[in-house]
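Enquirer: File structure16.pdb follows (PDB, C-alpha atoms):
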```pdb
ATOM      1  CA  MET A 154       0.000   0.000   0.000  1.00  0.00           C
ATOM      2  CA  ASP A 155       1.477   3.374  -0.922  1.00  0.00           C
ATOM      3  CA  VAL A 156       1.827   6.156   1.649  1.00  0.00           C
ATOM      4  CA  GLU A 157      -1.138   8.176   0.328  1.00  0.00           C
ATOM      5  CA  SER A 158      -3.469   5.185   0.487  1.00  0.00           C
ATOM      6  CA  LEU A 159      -2.204   4.380   3.958  1.00  0.00           C
ATOM      7  CA  ALA A 160      -2.854   7.969   5.035  1.00  0.00           C
ATOM      8  CA  ASP A 161      -6.401   7.788   3.632  1.00  0.00           C
ATOM      9  CA  ALA A 162      -7.032   4.510   5.450  1.00  0.00           C
ATOM     10  CA  CYS A 163      -5.682   5.803   8.772  1.00  0.00           C
ATOM     11  CA  GLY A 164      -7.577   9.069   8.393  1.00  0.00           C
ATOM     12  CA  GLY A 165     -10.830   7.252   7.663  1.00  0.00           C
ATOM     13  CA  LEU A 166     -10.310   4.913  10.604  1.00  0.00           C
ATOM     14  CA  ALA A 167      -9.554   7.893  12.869  1.00  0.00           C
ATOM     15  CA  TRP A 168     -12.811   9.533  11.759  1.00  0.00           C
ATOM     16  CA  VAL A 169     -14.839   6.364  12.382  1.00  0.00           C
ATOM     17  CA  SER A 170     -13.221   5.829  15.790  1.00  0.00           C
ATOM     18  CA  GLU A 171     -13.833   9.448  16.800  1.00  0.00           C
ATOM     19  CA  ARG A 172     -17.495   9.214  15.844  1.00  0.00           C
ATOM     20  CA  LEU A 173     -17.929   5.917  17.743  1.00  0.00           C
ATOM     21  CA  PHE A 174     -16.238   7.512  20.768  1.00  0.00           C
ATOM     22  CA  GLU A 175     -18.753  10.377  20.676  1.00  0.00           C
ATOM     23  CA  LEU A 176     -21.823   8.272  19.933  1.00  0.00           C
ATOM     24  CA  GLU A 177     -21.196   5.561  22.500  1.00  0.00           C
ATOM     25  CA  GLY A 178     -20.218   8.144  25.095  1.00  0.00           C
ATOM     26  CA  ARG A 179     -23.450  10.053  24.514  1.00  0.00           C
ATOM     27  CA  LEU A 180     -25.503   6.857  24.799  1.00  0.00           C
ATOM     28  CA  ALA A 181     -23.649   5.835  27.978  1.00  0.00           C
ATOM     29  CA  ALA A 182     -24.411   9.205  29.576  1.00  0.00           C
ATOM     30  CA  GLY A 183     -28.138   9.008  28.742  1.00  0.00           C
ATOM     31  CA  ARG A 184     -30.652   9.677  31.488  1.00  0.00           C
ATOM     32  CA  ASP A 185     -32.494   6.888  33.312  1.00  0.00           C
ATOM     33  CA  GLY A 186     -35.797   6.014  31.730  1.00  0.00           C
ATOM     34  CA  GLU A 187     -34.480   6.994  28.299  1.00  0.00           C
ATOM     35  CA  GLY A 188     -35.124   3.776  26.409  1.00  0.00           C
ATOM     36  CA  PRO A 189     -33.912   0.230  27.024  1.00  0.00           C
ATOM     37  CA  LEU A 190     -30.427   1.062  28.286  1.00  0.00           C
ATOM     38  CA  ASP A 191     -29.778  -0.248  31.771  1.00  0.00           C
ATOM     39  CA  ASN A 192     -26.634   0.216  33.855  1.00  0.00           C
ATOM     40  CA  ARG A 193     -24.874  -2.825  32.340  1.00  0.00           C
ATOM     41  CA  ALA A 194     -25.491  -1.456  28.858  1.00  0.00           C
ATOM     42  CA  ARG A 195     -24.287   2.000  29.837  1.00  0.00           C
ATOM     43  CA  ASN A 196     -21.149   0.547  31.421  1.00  0.00           C
ATOM     44  CA  LEU A 197     -20.343  -1.381  28.242  1.00  0.00           C
ATOM     45  CA  LEU A 198     -20.950   1.708  26.113  1.00  0.00           C
ATOM     46  CA  ALA A 199     -18.789   3.863  28.405  1.00  0.00           C
ATOM     47  CA  ARG A 200     -15.888   1.386  28.296  1.00  0.00           C
ATOM     48  CA  SER A 201     -16.244   0.984  24.538  1.00  0.00           C
ATOM     49  CA  SER A 202     -16.385   4.731  24.047  1.00  0.00           C
ATOM     50  CA  ARG A 203     -13.084   5.175  25.879  1.00  0.00           C
ATOM     51  CA  ARG A 204     -11.515   2.468  23.738  1.00  0.00           C
ATOM     52  CA  HIS A 205     -12.694   4.096  20.519  1.00  0.00           C
ATOM     53  CA  GLY A 206     -11.207   7.368  21.757  1.00  0.00           C
ATOM     54  CA  GLN A 207      -7.891   5.581  22.239  1.00  0.00           C
ATOM     55  CA  HIS A 208      -8.197   3.970  18.801  1.00  0.00           C
ATOM     56  CA  ALA A 209      -8.743   7.408  17.240  1.00  0.00           C
ATOM     57  CA  GLN A 210      -5.524   8.618  18.862  1.00  0.00           C
ATOM     58  CA  TRP A 211      -3.657   5.579  17.546  1.00  0.00           C
ATOM     59  CA  TRP A 212      -4.957   6.062  13.993  1.00  0.00           C
ATOM     60  CA  ARG A 213      -4.056   9.761  14.125  1.00  0.00           C
ATOM     61  CA  ALA A 214      -0.567   8.861  15.346  1.00  0.00           C
ATOM     62  CA  ALA A 215      -0.195   6.458  12.409  1.00  0.00           C
ATOM     63  CA  LEU A 216      -0.843   9.219   9.883  1.00  0.00           C
ATOM     64  CA  PRO A 217       2.286  10.201   7.934  1.00  0.00           C
ATOM     65  CA  ASP A 218       3.716  13.479   9.206  1.00  0.00           C
ATOM     66  CA  SER A 219       4.779  14.904   5.842  1.00  0.00           C
ATOM     67  CA  PRO A 220       3.213  18.324   5.159  1.00  0.00           C
ATOM     68  CA  ALA A 221       2.833  17.252   1.517  1.00  0.00           C
ATOM     69  CA  LEU A 222       0.366  14.533   2.582  1.00  0.00           C
ATOM     70  CA  ALA A 223      -1.848  16.951   4.552  1.00  0.00           C
ATOM     71  CA  ALA A 224      -2.665  14.299   7.144  1.00  0.00           C
ATOM     72  CA  PRO A 225      -5.279  16.356   9.073  1.00  0.00           C
ATOM     73  CA  ASP A 226      -7.290  16.753   5.870  1.00  0.00           C
ATOM     74  CA  ARG A 227      -7.492  12.973   5.538  1.00  0.00           C
ATOM     75  CA  ILE A 228      -9.517  12.608   8.737  1.00  0.00           C
ATOM     76  CA  ARG A 229     -12.913  12.562   7.115  1.00  0.00           C
ATOM     77  CA  PRO A 230     -15.775  10.178   6.439  1.00  0.00           C
ATOM     78  CA  PRO A 231     -14.208   7.332   4.490  1.00  0.00           C
ATOM     79  CA  THR A 232     -17.357   6.673   2.446  1.00  0.00           C
ATOM     80  CA  SER A 233     -20.910   7.935   2.187  1.00  0.00           C
ATOM     81  CA  ALA A 234     -22.078   4.633   3.734  1.00  0.00           C
ATOM     82  CA  TRP A 235     -20.174   5.456   6.934  1.00  0.00           C
ATOM     83  CA  GLU A 236     -21.504   9.001   6.918  1.00  0.00           C
ATOM     84  CA  ARG A 237     -25.116   7.793   6.527  1.00  0.00           C
ATOM     85  CA  LEU A 238     -24.663   5.210   9.288  1.00  0.00           C
ATOM     86  CA  VAL A 239     -23.260   7.767  11.746  1.00  0.00           C
ATOM     87  CA  ASP A 240     -26.071  10.208  10.907  1.00  0.00           C
ATOM     88  CA  HIS A 241     -28.611   7.442  11.535  1.00  0.00           C
ATOM     89  CA  ILE A 242     -27.086   6.565  14.913  1.00  0.00           C
ATOM     90  CA  GLU A 243     -27.009  10.232  15.959  1.00  0.00           C
ATOM     91  CA  GLU A 244     -30.693  10.695  15.177  1.00  0.00           C
ATOM     92  CA  ALA A 245     -32.014   7.332  16.409  1.00  0.00           C
ATOM     93  CA  ALA A 246     -33.644   6.520  19.713  1.00  0.00           C
ATOM     94  CA  PRO A 247     -31.198   4.876  22.154  1.00  0.00           C
ATOM     95  CA  GLY A 248     -32.323   1.303  21.445  1.00  0.00           C
ATOM     96  CA  ASP A 249     -32.172   1.796  17.698  1.00  0.00           C
ATOM     97  CA  ALA A 250     -28.795   3.520  17.986  1.00  0.00           C
ATOM     98  CA  VAL A 251     -27.420   0.542  19.908  1.00  0.00           C
ATOM     99  CA  ALA A 252     -28.820  -1.828  17.281  1.00  0.00           C
ATOM    100  CA  ALA A 253     -27.098   0.146  14.517  1.00  0.00           C
ATOM    101  CA  LEU A 254     -23.834   0.136  16.467  1.00  0.00           C
ATOM    102  CA  TYR A 255     -23.791  -3.595  17.132  1.00  0.00           C
ATOM    103  CA  GLU A 256     -25.520  -4.882  14.000  1.00  0.00           C
ATOM    104  CA  VAL A 257     -23.835  -2.663  11.409  1.00  0.00           C
ATOM    105  CA  ALA A 258     -21.059  -0.333  12.614  1.00  0.00           C
ATOM    106  CA  LEU A 259     -18.883  -2.702  14.635  1.00  0.00           C
ATOM    107  CA  PRO A 260     -19.102  -5.637  12.199  1.00  0.00           C
ATOM    108  CA  GLN A 261     -18.267  -3.310   9.284  1.00  0.00           C
ATOM    109  CA  LEU A 262     -15.348  -1.779  11.153  1.00  0.00           C
ATOM    110  CA  ALA A 263     -13.993  -5.217  12.087  1.00  0.00           C
ATOM    111  CA  PHE A 264     -14.319  -6.300   8.441  1.00  0.00           C
ATOM    112  CA  VAL A 265     -12.417  -3.261   7.161  1.00  0.00           C
ATOM    113  CA  ILE A 266      -9.611  -3.669   9.691  1.00  0.00           C
ATOM    114  CA  GLU A 267      -9.249  -7.373   8.952  1.00  0.00           C
ATOM    115  CA  HIS A 268      -8.924  -6.742   5.224  1.00  0.00           C
ATOM    116  CA  LEU A 269      -6.674  -3.731   5.692  1.00  0.00           C
ATOM    117  CA  GLY A 270      -4.160  -5.983   7.426  1.00  0.00           C
ATOM    118  CA  HIS A 271      -3.785  -8.049   4.259  1.00  0.00           C
ATOM    119  CA  GLU A 272      -2.622  -4.974   2.339  1.00  0.00           C
ATOM    120  CA  LEU A 273       0.060  -3.838   4.758  1.00  0.00           C
ATOM    121  CA  SER A 274       3.774  -4.568   4.542  1.00  0.00           C
ATOM    122  CA  SER A 275       5.483  -5.905   7.649  1.00  0.00           C
ATOM    123  CA  VAL A 276       8.595  -3.995   6.576  1.00  0.00           C
ATOM    124  CA  SER A 277       7.160  -0.495   6.225  1.00  0.00           C
ATOM    125  CA  ASP A 278       3.776  -0.598   7.973  1.00  0.00           C
ATOM    126  CA  GLY A 279       4.640  -2.195  11.316  1.00  0.00           C
ATOM    127  CA  ALA A 280       3.037   0.514  13.480  1.00  0.00           C
ATOM    128  CA  VAL A 281      -0.212   0.370  11.512  1.00  0.00           C
ATOM    129  CA  ILE A 282      -0.221  -3.434  11.676  1.00  0.00           C
ATOM    130  CA  ARG A 283       0.161  -3.305  15.484  1.00  0.00           C
ATOM    131  CA  THR A 284      -2.592  -0.695  15.740  1.00  0.00           C
ATOM    132  CA  ALA A 285      -4.907  -2.753  13.538  1.00  0.00           C
ATOM    133  CA  ARG A 286      -4.276  -5.861  15.672  1.00  0.00           C
ATOM    134  CA  MET A 287      -4.992  -4.034  18.932  1.00  0.00           C
ATOM    135  CA  VAL A 288      -8.129  -2.410  17.539  1.00  0.00           C
ATOM    136  CA  ALA A 289      -9.329  -5.745  16.129  1.00  0.00           C
ATOM    137  CA  ALA A 290      -8.836  -7.391  19.536  1.00  0.00           C
ATOM    138  CA  ASP A 291     -10.799  -4.605  21.255  1.00  0.00           C
ATOM    139  CA  LEU A 292     -13.615  -4.877  18.702  1.00  0.00           C
ATOM    140  CA  ALA A 293     -13.816  -8.647  19.139  1.00  0.00           C
ATOM    141  CA  GLU A 294     -14.008  -8.213  22.911  1.00  0.00           C
ATOM    142  CA  GLU A 295     -16.682  -5.519  22.574  1.00  0.00           C
ATOM    143  CA  GLN A 296     -18.778  -7.702  20.272  1.00  0.00           C
ATOM    144  CA  TYR A 297     -18.406 -10.647  22.670  1.00  0.00           C
ATOM    145  CA  ASP A 298     -19.272  -8.563  25.740  1.00  0.00           C
ATOM    146  CA  SER A 299     -22.255  -7.040  23.979  1.00  0.00           C
ATOM    147  CA  ARG A 300     -23.837 -10.488  23.742  1.00  0.00           C
ATOM    148  CA  GLN A 301     -23.899 -10.580  27.546  1.00  0.00           C
ATOM    149  CA  VAL A 302     -25.738  -7.244  27.653  1.00  0.00           C
ATOM    150  CA  TRP A 303     -27.923  -7.403  24.551  1.00  0.00           C
ATOM    151  CA  ASN A 304     -29.237 -10.758  23.516  1.00  0.00           C
ATOM    152  CA  PRO A 305     -29.314 -10.287  19.731  1.00  0.00           C
ATOM    153  CA  PRO A 306     -32.962 -11.312  19.304  1.00  0.00           C
ATOM    154  CA  HIS A 307     -33.885  -8.669  21.895  1.00  0.00           C
ATOM    155  CA  VAL A 308     -31.901  -5.807  20.399  1.00  0.00           C
ATOM    156  CA  PRO A 309     -34.469  -3.465  18.913  1.00  0.00           C
ATOM    157  CA  SER A 310     -33.878  -3.117  15.211  1.00  0.00           C
ATOM    158  CA  ASP A 311     -35.542  -0.931  12.642  1.00  0.00           C
ATOM    159  CA  GLY A 312     -35.963  -1.551   8.931  1.00  0.00           C
ATOM    160  CA  ASP A 313     -33.351   1.052   8.062  1.00  0.00           C
ATOM    161  CA  LEU A 314     -30.485  -1.144   9.267  1.00  0.00           C
ATOM    162  CA  GLU A 315     -30.705  -3.534   6.347  1.00  0.00           C
ATOM    163  CA  GLU A 316     -30.566  -0.604   3.950  1.00  0.00           C
ATOM    164  CA  LEU A 317     -27.634   0.957   5.830  1.00  0.00           C
ATOM    165  CA  ALA A 318     -25.734  -2.343   5.823  1.00  0.00           C
ATOM    166  CA  GLY A 319     -26.481  -2.724   2.120  1.00  0.00           C
ATOM    167  CA  GLY A 320     -24.795   0.625   1.480  1.00  0.00           C
ATOM    168  CA  PHE A 321     -21.487  -0.951   2.442  1.00  0.00           C
ATOM    169  CA  ALA A 322     -21.839  -3.509  -0.342  1.00  0.00           C
ATOM    170  CA  ASP A 323     -21.241  -0.687  -2.834  1.00  0.00           C
ATOM    171  CA  ASP A 324     -18.015   0.170  -0.995  1.00  0.00           C
ATOM    172  CA  TYR A 325     -16.844  -3.421  -1.412  1.00  0.00           C
ATOM    173  CA  ARG A 326     -17.814  -3.731  -5.080  1.00  0.00           C
ATOM    174  CA  GLU A 327     -16.139  -0.472  -6.000  1.00  0.00           C
ATOM    175  CA  LYS A 328     -13.141  -1.063  -3.701  1.00  0.00           C
ATOM    176  CA  ARG A 329     -13.461   2.480  -2.393  1.00  0.00           C
ATOM    177  CA  TRP A 330     -12.068   2.208   1.111  1.00  0.00           C
ATOM    178  CA  PRO A 331      -9.530   1.478   2.392  1.00  0.00           C
ATOM    179  CA  PRO A 332      -8.239   2.464  -1.032  1.00  0.00           C
ATOM    180  CA  LEU A 333      -6.292  -0.607  -2.053  1.00  0.00           C
ATOM    181  CA  VAL A 334      -8.111  -3.305  -0.129  1.00  0.00           C
ATOM    182  CA  THR A 335      -9.403  -5.947  -2.497  1.00  0.00           C
ATOM    183  CA  PHE A 336     -12.629  -7.509  -1.346  1.00  0.00           C
ATOM    184  CA  PRO A 337     -13.702 -10.930  -2.604  1.00  0.00           C
ATOM    185  CA  ARG A 338     -16.607 -10.925  -5.021  1.00  0.00           C
TER
END
```
As structure tokens, how would this structure be written, given the file I've shared?
Expert:
Amino acid sequence: MDVESLADACGGLAWVSERLFELEGRLAAGRDGEGPLDNRARNLLARSSRRHGQHAQWWRAALPDSPALAAPDRIRPPTSAWERLVDHIEEAAPGDAVAALYEVALPQLAFVIEHLGHELSSVSDGAVIRTARMVAADLAEEQYDSRQVWNPPHVPSDGDLEELAGGFADDYREKRWPPLVTFPR
């Protein structure tokens, strides 16, 4: 992966991690009686929010520091599918926001990070490889722990989630992000 593509990937991952930090933190801080979120759910969201904040710092640190690459400008929504998903989560009721997080956002993020790792060089991309491994481990733990809090059949889900998840299929077909990741057809 060339340095510009790597910068785009790290910038997109920083943006996603920052948004998840904000969204999960906001849900964790919600008032009692505000939907189906009990203390266990809020604790999981609070812990996960802190982790996503740390991930955002790691992805930012992995950005190349050359002024010619304009690293801060690369921290942006990686695709319109991610932008739509984040907008949906921001506007949704707490239960629906949690469903979008755990049914769409986290699985998509784990998928992207897994496939990004296949494009990295152990010679030149060691720091990004380590970051991707640590983030992947945190995501796997969050998905596992979420099953203890939200039994998947009981997670409220709206009809928009299927459409939002389908938006990522276009990203895969067109190989839009991360830039050089090749997804199987």
Enquirer: Using only C-alpha atoms, pick whichever of A:Ser170, A:Gln210, A:Ser274, A:Ser202 has the shortest atom-to-atom distance to Trp235 of chain A.
Expert: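 Nearest candidate to Trp235 of chain A out of A:Ser170, A:Gln210, A:Ser274, A:Ser202: A:Ser170.
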Enquirer: Quick one: residues within 10 Å of segment 238-240 of chain A, all atoms listed in the file counted, chain neighbours fewer than 2 positions away excluded, as a PyMOL selection string?
Expert: chain A and resi 169+172-173+176+230+233-236+242-245+250+253-254+257-258+313-314+316-318+320-321
Enquirer: Create the file for the chosen residues now, containing C-alpha atoms and written as an mmCIF file, in the frame of the given file.
Expert:
```cif
data_model
loop_
_atom_site.group_PDB
_atom_site.id
_atom_site.type_symbol
_atom_site.label_atom_id
_atom_site.label_comp_id
_atom_site.auth_asym_id
_atom_site.auth_seq_id
_atom_site.Cartn_x
_atom_site.Cartn_y
_atom_site.Cartn_z
ATOM 1 C CA VAL A 169 -14.839 6.364 12.382
ATOM 2 C CA ARG A 172 -17.495 9.214 15.844
ATOM 3 C CA LEU A 173 -17.929 5.917 17.743
ATOM 4 C CA LEU A 176 -21.823 8.272 19.933
ATOM 5 C CA PRO A 230 -15.775 10.178 6.439
ATOM 6 C CA SER A 233 -20.910 7.935 2.187
ATOM 7 C CA ALA A 234 -22.078 4.633 3.734
ATOM 8 C CA TRP A 235 -20.174 5.456 6.934
ATOM 9 C CA GLU A 236 -21.504 9.001 6.918
ATOM 10 C CA ILE A 242 -27.086 6.565 14.913
ATOM 11 C CA GLU A 243 -27.009 10.232 15.959
ATOM 12 C CA GLU A 244 -30.693 10.695 15.177
ATOM 13 C CA ALA A 245 -32.014 7.332 16.409
ATOM 14 C CA ALA A 250 -28.795 3.520 17.986
ATOM 15 C CA ALA A 253 -27.098 0.146 14.517
ATOM 16 C CA LEU A 254 -23.834 0.136 16.467
ATOM 17 C CA VAL A 257 -23.835 -2.663 11.409
ATOM 18 C CA ALA A 258 -21.059 -0.333 12.614
ATOM 19 C CA ASP A 313 -33.351 1.052 8.062
ATOM 20 C CA LEU A 314 -30.485 -1.144 9.267
ATOM 21 C CA GLU A 316 -30.566 -0.604 3.950
ATOM 22 C CA LEU A 317 -27.634 0.957 5.830
ATOM 23 C CA ALA A 318 -25.734 -2.343 5.823
ATOM 24 C CA GLY A 320 -24.795 0.625 1.480
ATOM 25 C CA PHE A 321 -21.487 -0.951 2.442
#
```
Enquirer: Applying 9 Å and all atoms listed in the file, which residues near segment 222-226 of chain A remain after dropping the ones on its own chain fewer than 3 positions away? List them as a PyMOL selection string.
Expert: chain A and resi 156-157+160-161+164+213+216-219+229
Enquirer: For a test of reading the model, state the distance in Å between atom CA of Ala162 of chain A and atom CA of Val265 of chain A, rounded to one decimal.
Expert: 9.6 Å
Enquirer: So, with only C-alpha atoms as the atoms that count, which of A:Leu197, A:Leu273, A:Leu190, A:Leu262 lies closest to Leu159 of chain A?
Expert: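 Closest to Leu159 of chain A, using only C-alpha atoms: A:Leu273.
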Enquirer: As an exercise, work out the distance from atom CA of Ala290 of chain A to atom CA of Ala263 of chain A in Å and give it to one decimal place.
Expert: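 These two atoms are separated by 9.3 Å.
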Enquirer: Can you give me, as a count of residues only, the residues this file yields under the PyMOL selection byres ((chain A and resi 283) around 12)?
Expert: 23
Enquirer: Rounded to one decimal in Å, what is the spacing between atom CA of Ala293 of chain A and atom CA of Asp155 of chain A?
Expert: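 According to the coordinates, atom CA of Ala293 of chain A and atom CA of Asp155 of chain A are separated by 27.9 Å.
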Enquirer: Quick one: everything within 10 Å of Ala194 of chain A, counting all atoms listed in the file, minus sequence neighbours fewer than 3 positions away in the same chain. Send it as a PyMOL selection string.
Expert: chain A and resi 180-181+189-191+197-199+251+298-299+301-303
Enquirer: Which residue gives the smallest distance to Arg200 of chain A among A:Ala322, A:Ala214, A:Ala182, A:Val276, with all atoms listed in the file counted?
Expert: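 Answer, going by the shortest atom-to-atom distance: A:Ala182.
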Enquirer: Check the smallest atom-to-atom distance from each of A:Arg300, A:Arg203, A:Arg195, A:His268 to Tyr255 of chain A using all atoms listed in the file, then report the winner.
Expert: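 Looking at the shortest contact to Tyr255 of chain A, the residue is A:Arg300.
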Enquirer: Between A:Leu292, A:Gly248, A:Gly319, A:Arg227, which one has atoms that come closest to Ser158 of chain A, using all atoms listed in the file?
Expert: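 Selected residue with least distance to Ser158 of chain A: A:Arg227.
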